>>> print(open('query01.tsv').read())   # TSV, C-alpha atoms
chain	number	residue	atom	x	y	z
L	129	MET	CA	-2.96	26.05	-6.16
L	130	PHE	CA	-1.92	24.30	-3.00
L	131	LYS	CA	1.67	24.29	-1.81
L	132	PHE	CA	2.33	21.39	0.50
L	133	MET	CA	4.88	20.47	3.10
L	134	PRO	CA	7.61	18.22	1.67
L	135	ALA	CA	6.60	14.64	1.10
L	136	ILE	CA	7.59	12.10	3.72
L	137	ASN	CA	10.40	10.84	1.53
L	138	GLY	CA	12.84	13.70	1.85
L	139	ALA	CA	16.00	14.54	3.69
L	140	ALA	CA	14.59	13.80	7.14
L	141	ILE	CA	13.91	10.17	6.27
L	142	ALA	CA	17.23	9.82	4.50
L	143	ALA	CA	18.98	11.14	7.59
L	144	LEU	CA	17.17	8.73	9.89
L	145	LEU	CA	17.75	5.76	7.62
L	146	SER	CA	21.43	6.58	7.52
L	147	THR	CA	21.56	6.17	11.30
L	148	LEU	CA	19.94	2.77	10.98
L	149	THR	CA	22.11	1.49	8.16
L	150	PHE	CA	25.56	2.24	9.51
L	151	SER	CA	27.63	4.21	7.03
L	152	PRO	CA	26.29	4.80	3.60
L	153	LEU	CA	24.81	1.33	3.17
L	154	ALA	CA	28.19	-0.33	3.34
L	155	SER	CA	29.52	1.51	0.32
L	156	ALA	CA	32.96	1.17	1.88
L	157	ASN	CA	32.74	-2.54	1.13
L	158	ALA	CA	34.58	-2.52	-2.16
L	159	LEU	CA	34.63	-6.30	-2.57
L	160	SER	CA	33.13	-7.39	-5.86
L	161	HIS	CA	30.01	-9.57	-5.92
L	162	GLN	CA	31.89	-12.24	-7.82
L	163	THR	CA	34.59	-12.67	-5.18
L	164	SER	CA	32.24	-12.74	-2.18
L	165	ALA	CA	32.21	-16.05	-0.29
L	166	ASN	CA	28.40	-16.07	-0.20
L	167	ARG	CA	26.08	-15.42	-3.12
L	168	VAL	CA	22.83	-14.03	-1.76
L	169	ILE	CA	19.47	-13.25	-3.34
L	170	SER	CA	17.15	-11.04	-1.32
L	171	ALA	CA	13.40	-10.99	-1.97
L	172	GLY	CA	11.28	-8.30	-0.34
L	173	ALA	CA	11.94	-4.60	0.16
L	174	GLY	CA	12.19	-4.83	3.94
L	175	ILE	CA	14.50	-7.84	3.83
L	176	THR	CA	16.84	-6.11	1.40
L	177	GLU	CA	16.90	-2.99	3.60
L	178	LEU	CA	17.98	-5.11	6.54
L	179	LEU	CA	20.59	-6.94	4.49
L	180	LEU	CA	22.15	-3.64	3.42
L	181	ALA	CA	22.02	-2.35	6.98
L	182	LEU	CA	23.89	-5.48	8.06
L	183	GLU	CA	26.69	-4.58	5.64
L	184	ALA	CA	26.10	-7.66	3.49
L	185	GLY	CA	25.49	-5.79	0.25
L	186	ASP	CA	28.77	-7.06	-1.19
L	187	GLU	CA	27.27	-10.58	-1.17
L	188	LEU	CA	24.18	-9.67	-3.20
L	189	VAL	CA	23.84	-11.22	-6.63
L	190	GLY	CA	20.10	-10.60	-7.11
L	191	VAL	CA	17.09	-8.77	-5.66
L	192	ASP	CA	13.38	-8.83	-6.37
L	193	ALA	CA	11.46	-6.03	-8.07
L	194	THR	CA	10.28	-4.42	-4.80
L	195	SER	CA	13.81	-3.95	-3.47
L	196	GLN	CA	15.82	-0.75	-3.83
L	197	ILE	CA	19.59	-0.85	-3.74
L	198	PRO	CA	22.23	1.88	-4.10
L	199	PRO	CA	23.26	2.56	-7.71
L	200	HIS	CA	26.85	1.41	-7.20
L	201	TYR	CA	25.62	-2.21	-6.93
L	202	THR	CA	25.74	-2.53	-10.71
L	203	GLY	CA	26.38	-6.26	-10.76
L	204	VAL	CA	23.17	-7.21	-8.93
L	205	ALA	CA	20.51	-8.85	-11.11
L	206	GLN	CA	16.95	-7.56	-10.97
L	207	LEU	CA	14.51	-10.45	-10.58
L	208	GLY	CA	10.73	-10.50	-10.70
L	209	TYR	CA	8.08	-9.75	-8.09
L	210	HIS	CA	8.86	-11.49	-4.80
L	211	ARG	CA	5.64	-13.52	-4.88
L	212	MET	CA	6.29	-14.77	-8.43
L	213	LEU	CA	9.97	-15.66	-8.59
L	214	SER	CA	11.35	-17.90	-11.30
L	215	ALA	CA	13.49	-20.84	-10.22
L	216	GLU	CA	15.39	-20.77	-13.52
L	217	GLY	CA	16.30	-17.10	-13.15
L	218	ILE	CA	17.48	-17.61	-9.59
L	219	LEU	CA	19.48	-20.77	-10.27
L	220	ALA	CA	21.24	-19.03	-13.17
L	221	LEU	CA	22.87	-16.79	-10.55
L	222	SER	CA	24.25	-19.78	-8.58
L	223	PRO	CA	23.12	-18.44	-5.17
L	224	SER	CA	24.16	-20.03	-1.90
L	225	LEU	CA	21.33	-18.31	0.00
L	226	VAL	CA	17.90	-16.98	-0.97
L	227	ILE	CA	16.36	-14.97	1.84
L	228	GLY	CA	12.97	-13.29	1.85
L	229	SER	CA	9.75	-12.66	3.68
L	230	GLU	CA	6.97	-15.16	4.24
L	231	ALA	CA	5.35	-13.75	1.08
L	232	MET	CA	8.25	-14.98	-1.09
L	233	GLY	CA	7.17	-17.57	-3.62
L	234	PRO	CA	5.61	-19.36	-5.28
L	235	GLN	CA	6.10	-22.50	-3.24
L	236	THR	CA	6.95	-24.53	-6.34
L	237	THR	CA	9.93	-22.24	-6.96
L	238	LEU	CA	11.11	-22.54	-3.36
L	239	ASN	CA	10.83	-26.33	-3.53
L	240	LEU	CA	12.93	-26.44	-6.69
L	241	LEU	CA	15.59	-24.24	-5.10
L	242	ARG	CA	15.81	-26.49	-2.05
L	243	LYS	CA	16.11	-29.54	-4.28
L	244	ALA	CA	19.04	-27.77	-5.95
L	245	ASN	CA	20.68	-27.46	-2.50
L	246	VAL	CA	20.12	-23.72	-2.25
L	247	ASP	CA	19.58	-22.50	1.32
L	248	VAL	CA	16.11	-20.88	1.33
L	249	VAL	CA	15.13	-18.77	4.34
L	250	GLN	CA	11.75	-17.14	4.87
L	251	LEU	CA	11.22	-14.69	7.72
L	252	PRO	CA	7.83	-13.57	9.11
L	253	ASN	CA	6.59	-10.14	8.17
L	254	ALA	CA	7.34	-7.92	11.16
L	255	HIS	CA	4.32	-6.19	12.69
L	256	THR	CA	5.90	-5.65	16.10
L	257	GLN	CA	9.22	-4.48	17.46
L	258	GLN	CA	9.87	-7.95	18.84
L	259	GLN	CA	9.44	-9.61	15.44
L	260	LEU	CA	11.62	-7.02	13.70
L	261	LEU	CA	14.40	-7.56	16.24
L	262	ALA	CA	14.02	-11.33	15.85
L	263	ASN	CA	14.32	-11.00	12.08
L	264	ILE	CA	17.47	-8.91	12.44
L	265	ASP	CA	18.93	-11.55	14.73
L	266	ALA	CA	18.06	-14.35	12.30
L	267	MET	CA	19.51	-12.48	9.34
L	268	GLY	CA	22.67	-11.74	11.29
L	269	LYS	CA	23.18	-15.46	11.83
L	270	HIS	CA	22.40	-16.50	8.25
L	271	LEU	CA	24.67	-13.79	6.84
L	272	ASN	CA	27.39	-14.23	9.46
L	273	ARG	CA	26.86	-10.63	10.54
L	274	GLN	CA	26.08	-11.15	14.24
L	275	LYS	CA	28.07	-8.10	15.34
L	276	GLN	CA	26.29	-5.85	12.86
L	277	ALA	CA	22.95	-7.36	13.85
L	278	SER	CA	23.50	-6.54	17.52
L	279	LYS	CA	24.29	-2.93	16.67
L	280	LEU	CA	21.33	-2.62	14.31
L	281	GLN	CA	19.00	-3.97	17.00
L	282	ILE	CA	20.24	-1.26	19.38
L	283	ASP	CA	19.79	1.44	16.71
L	284	VAL	CA	16.24	0.25	15.96
L	285	GLN	CA	15.33	0.19	19.65
L	286	HIS	CA	16.64	3.74	20.10
L	287	SER	CA	14.71	4.96	17.06
L	288	LEU	CA	11.48	3.34	18.25
L	289	ALA	CA	11.97	4.73	21.75
L	290	ASN	CA	12.37	8.19	20.22
L	291	ILE	CA	9.08	7.77	18.36
L	292	VAL	CA	7.37	6.65	21.59
L	293	GLU	CA	8.51	9.88	23.23
L	294	LYS	CA	7.01	11.87	20.38
L	295	LYS	CA	3.80	9.87	20.66
L	296	GLN	CA	3.59	10.75	24.33
L	297	LYS	CA	3.90	14.43	23.41
L	298	ILE	CA	1.06	14.03	20.92
L	299	ASN	CA	-1.13	12.40	23.56
L	300	ALA	CA	-0.31	15.17	26.05
L	301	LEU	CA	-1.27	17.84	23.51
L	302	GLY	CA	-4.77	16.45	23.02
L	303	VAL	CA	-6.67	14.18	20.65
L	304	ALA	CA	-4.60	12.19	18.16
L	305	PRO	CA	-4.88	13.45	14.57
L	306	ARG	CA	-7.48	11.66	12.45
L	307	VAL	CA	-5.65	10.06	9.54
L	308	VAL	CA	-6.66	8.45	6.24
L	309	PHE	CA	-4.26	6.62	3.95
L	310	LEU	CA	-5.03	6.53	0.22
L	311	LEU	CA	-3.41	4.08	-2.18
L	312	LEU	CA	-3.74	5.67	-5.62
L	313	GLN	CA	-4.24	3.60	-8.74
L	314	ALA	CA	-4.52	4.80	-12.33
L	315	ASP	CA	-8.13	5.07	-13.59
L	316	ARG	CA	-9.53	3.45	-10.46
L	317	PRO	CA	-10.98	4.77	-7.19
L	318	ALA	CA	-8.52	5.38	-4.39
L	319	ARG	CA	-8.17	2.51	-1.94
L	320	VAL	CA	-8.23	3.39	1.75
L	321	GLY	CA	-5.98	1.44	4.10
L	322	GLY	CA	-7.70	0.23	7.24
L	323	ASP	CA	-6.53	-1.92	10.13
L	324	ASP	CA	-3.98	-4.68	9.51
L	325	THR	CA	-2.20	-2.80	6.73
L	326	ALA	CA	1.34	-1.44	6.50
L	327	ALA	CA	-0.02	2.09	6.47
L	328	ASP	CA	-1.89	1.41	9.72
L	329	ILE	CA	1.36	0.27	11.35
L	330	ILE	CA	3.01	3.58	10.43
L	331	ILE	CA	0.03	5.72	11.47
L	332	THR	CA	-0.37	3.97	14.82
L	333	LEU	CA	3.36	3.97	15.55
L	334	ALA	CA	3.49	7.72	14.88
L	335	GLY	CA	0.62	8.45	17.27
L	336	GLY	CA	-2.18	9.00	14.77
L	337	ASN	CA	-5.71	7.61	14.67
L	338	ASN	CA	-6.45	5.60	11.53
L	339	ILE	CA	-10.14	6.40	11.01
L	340	ALA	CA	-10.87	4.05	8.11
L	341	GLY	CA	-13.10	1.92	10.31
L	342	PHE	CA	-12.45	-1.42	8.59
L	343	SER	CA	-9.73	-3.99	8.03
L	344	GLY	CA	-7.59	-4.25	4.91
L	345	TYR	CA	-8.14	-2.08	1.84
L	346	LYS	CA	-11.42	-0.80	0.41
L	347	SER	CA	-12.21	1.52	-2.48
L	348	LEU	CA	-13.86	4.77	-1.44
L	349	SER	CA	-15.30	7.59	-3.51
L	350	GLN	CA	-14.33	11.22	-2.96
L	351	GLU	CA	-17.60	11.66	-1.09
L	352	GLY	CA	-16.74	8.74	1.18
L	353	ILE	CA	-13.33	10.18	1.96
L	354	LEU	CA	-14.86	13.62	2.57
L	355	SER	CA	-17.32	12.12	5.06
L	356	LEU	CA	-14.42	10.84	7.17
L	357	GLN	CA	-13.15	14.41	7.70
L	358	PRO	CA	-9.47	13.46	8.18
L	359	ASP	CA	-7.00	15.88	9.74
L	360	VAL	CA	-4.20	14.26	7.72
L	361	ILE	CA	-4.25	12.43	4.40
L	362	LEU	CA	-1.35	10.11	3.57
L	363	LEU	CA	-0.83	9.05	-0.01
L	364	ALA	CA	1.11	6.51	-1.98
L	365	SER	CA	0.92	5.50	-5.61
L	366	ARG	CA	1.54	2.27	-7.45
L	367	SER	CA	2.59	4.29	-10.46
L	368	GLU	CA	6.29	4.62	-11.20
L	369	ALA	CA	5.63	8.32	-11.81
L	370	GLY	CA	4.84	8.76	-8.13
L	371	THR	CA	2.32	11.15	-6.61
L	372	ASN	CA	1.87	14.76	-7.72
L	373	LEU	CA	-0.29	16.47	-5.09
L	374	ASP	CA	-1.49	19.31	-7.34
L	375	GLU	CA	-2.57	16.85	-10.03
L	376	LEU	CA	-4.27	14.72	-7.41
L	377	LEU	CA	-6.42	17.63	-6.24
L	378	GLN	CA	-7.41	18.38	-9.79
L	379	ARG	CA	-8.70	14.81	-10.06
L	380	MET	CA	-10.16	14.69	-6.53
L	381	PRO	CA	-11.23	18.27	-5.72
L	382	LEU	CA	-13.43	17.23	-2.78
L	383	LEU	CA	-10.27	16.49	-0.78
L	384	THR	CA	-9.73	20.25	-0.48
L	385	HIS	CA	-12.87	20.41	1.69
L	386	THR	CA	-11.51	18.03	4.32
L	387	PRO	CA	-9.64	19.45	7.34
L	388	ALA	CA	-6.49	17.94	5.80
L	389	GLY	CA	-7.09	19.76	2.53
L	390	LYS	CA	-7.97	23.06	4.17
L	391	HIS	CA	-4.83	23.03	6.31
L	392	LYS	CA	-2.60	21.47	3.63
L	393	GLN	CA	-1.88	18.34	5.64
L	394	LEU	CA	-1.42	15.94	2.73
L	395	TYR	CA	1.79	13.93	2.66
L	396	VAL	CA	3.30	11.32	0.39
L	397	LEU	CA	4.59	8.06	1.86
L	398	GLU	CA	7.44	6.23	0.16
L	399	PRO	CA	6.12	2.95	-1.32
L	400	GLN	CA	9.22	1.31	0.20
L	401	ALA	CA	7.80	1.99	3.67
L	402	LEU	CA	4.60	0.09	2.86
L	403	ILE	CA	6.08	-3.28	1.90
L	404	GLY	CA	6.71	-5.98	4.46
L	405	GLY	CA	5.25	-4.49	7.63
L	406	LEU	CA	7.48	-2.82	10.22
L	407	GLY	CA	10.87	-2.15	8.68
L	408	LEU	CA	13.53	0.54	8.52
L	409	SER	CA	11.67	2.73	6.01
L	410	ALA	CA	8.44	2.37	7.98
L	411	ILE	CA	10.23	3.48	11.16
L	412	ALA	CA	11.73	6.46	9.34
L	413	SER	CA	8.33	7.44	7.93
L	414	ALA	CA	6.67	7.10	11.34
L	415	ASP	CA	9.35	9.29	12.92
L	416	THR	CA	8.79	12.08	10.38
L	417	LEU	CA	5.02	11.67	10.62
L	418	ALA	CA	5.14	11.97	14.42
L	419	ASP	CA	6.84	15.34	14.01
L	420	ARG	CA	3.98	16.43	11.73
L	421	PHE	CA	1.40	15.23	14.29
L	422	ILE	CA	3.05	17.24	17.05
L	423	THR	CA	2.77	20.38	14.91
L	424	ILE	CA	-0.90	19.65	14.11
L	425	SER	CA	-1.77	18.96	17.76
L	426	ARG	CA	-0.39	22.35	18.75
>>> encode(input="query01.tsv", output="structure tokens")
Amino acid sequence: MFKFMPAINGAAIAALLSTLTFSPLASANALSHQTSANRVISAGAGITELLLALEAGDELVGVDATSQIPPHYTGVAQLGYHRMLSAEGILALSPSLVIGSEAMGPQTTLNLLRKANVDVVQLPNAHTQQQLLANIDAMGKHLNRQKQASKLQIDVQHSLANIVEKKQKINALGVAPRVVFLLLQADRPARVGGDDTAADIIITLAGGNNIAGFSGYKSLSQEGILSLQPDVILLASRSEAGTNLDELLQRMPLLTHTPAGKHKQLYVLEPQALIGGLGLSAIASADTLADRFITISR
């Protein structure tokens, strides 16, 4: 039975995220949601991460199903999937601002909210540092958190610069590790993430070589994955139960014959890091992954 390195969702990521989100996600803000001047709904995991990092959690009255918030936000309503939001459910919360990614919808819901005089803001998915910093700036203005936004931009830039330094070490040590990302789905073949995916952003940022050889997601058999001969296999699951690596290898035994399987270089990515492009969780995952790549390169 294989014993693997800890998944890329452990203490290292938590520690890095804590540096990006000021002190524990604004838990010191004891104001109730009902007494906050603004009533905000956040749609999209990456958007909600930024909102919490900007210390605006006390203004939250609702989040979509992809968002994760600290347990002490007990008064925040859980809404549906960010692409399929209900206007009725949102309006029942009397929000002053609904903020989300460009994927937020459907458009009919957004139109109804605007007709009801709700401020609706959609921000582009960030695929570059420049767009992420621009989104932070925009959110700072909409949430009246310009000071926090300036600090968060500096923290993000420092974190990305640190990853660049690690990437340079990887390049100096030799060839970048060959990486495959597998999105696991119950009773269906694994889907491999190619170019233009959130996984590719993390792999590339960390200094790895995504060897999928195509754009988007495609289903691949075990034999197809074996033929790629990856040095590292990254995994994420759409199941709420998460990813059990030992169970995975029982279902997909051919993975043990890849370089990644032989050297136990299989790691789990937090689903949070894979939603919305380049965000705080993606940066944290890339930072931890870069450390793994440095070890492999040696």
>>> atom_distance(input="query01.tsv", atom1="atom CA of L:Ala266", atom2="atom CA of L:Asp323")
27.6 Å
>>> atom_distance(input="query01.tsv", atom1="atom CA of L:Ala410", atom2="atom CA of L:Met212")
23.8 Å
>>> residues_near_point(input="query01.tsv", point="(22.1, -0.1, -1.5)", cutoff="7 Å", atoms="only C-alpha atoms", output="ChimeraX atom specification")
/L:153,180,185,196-199,201
>>> closest_residue(input="query01.tsv", among="L:Ala314, L:Val191, L:Leu333, L:Ala401", to="L:Leu179", atoms="all atoms listed in the file")
L:Val191
>>> closest_residue(input="query01.tsv", among="L:Lys346, L:His385, L:Arg306, L:His286", to="L:Ile411", atoms="all atoms listed in the file")
L:His286
>>> atom_distance(input="query01.tsv", atom1="atom CA of L:Asn272", atom2="atom CA of L:Val284")
19.4 Å
>>> closest_residue(input="query01.tsv", among="L:Gly203, L:Gly174, L:Gly407, L:Gly336", to="L:Met232", atoms="all atoms listed in the file")
L:Gly174
>>> residues_around(input="query01.tsv", residues="stretch 353-368 of chain L", least_positions_apart="6", cutoff="8 Å", atoms="all atoms listed in the file", output="list in words")
Pro305, Arg306, Val307, Val308, Phe309, Leu310, Leu311, Leu312, Gln313, Ala314, Ile339, Ala340, Leu382, Leu383, His385, Thr386, Pro387, Ala388, Gln393, Leu394, Tyr395, Val396, Leu397, Glu398 and Pro399 of chain L
>>> residues_around(input="query01.tsv", residues="L:Leu271", least_positions_apart="6", cutoff="12 Å", atoms="only C-alpha atoms", output="PyMOL selection string")
chain L and resi 164-170+178-188+224-227+247+249+263-265+277
>>> closest_residue(input="query01.tsv", among="L:Ala326, L:Arg379, L:Ala318, L:Leu219", to="L:Ser349", atoms="all atoms listed in the file")
L:Ala318
>>> residues_around(input="query01.tsv", residues="L:Ala244", least_positions_apart="6", cutoff="10 Å", atoms="only C-alpha atoms", output="mmCIF file with C-alpha atoms, in the coordinates of the input")
data_model
loop_
_atom_site.group_PDB
_atom_site.id
_atom_site.type_symbol
_atom_site.label_atom_id
_atom_site.label_comp_id
_atom_site.auth_asym_id
_atom_site.auth_seq_id
_atom_site.Cartn_x
_atom_site.Cartn_y
_atom_site.Cartn_z
ATOM 1 C CA ALA L 215 13.490 -20.840 -10.220
ATOM 2 C CA LEU L 219 19.480 -20.770 -10.270
ATOM 3 C CA SER L 222 24.250 -19.780 -8.580
ATOM 4 C CA LEU L 238 11.110 -22.540 -3.360
#
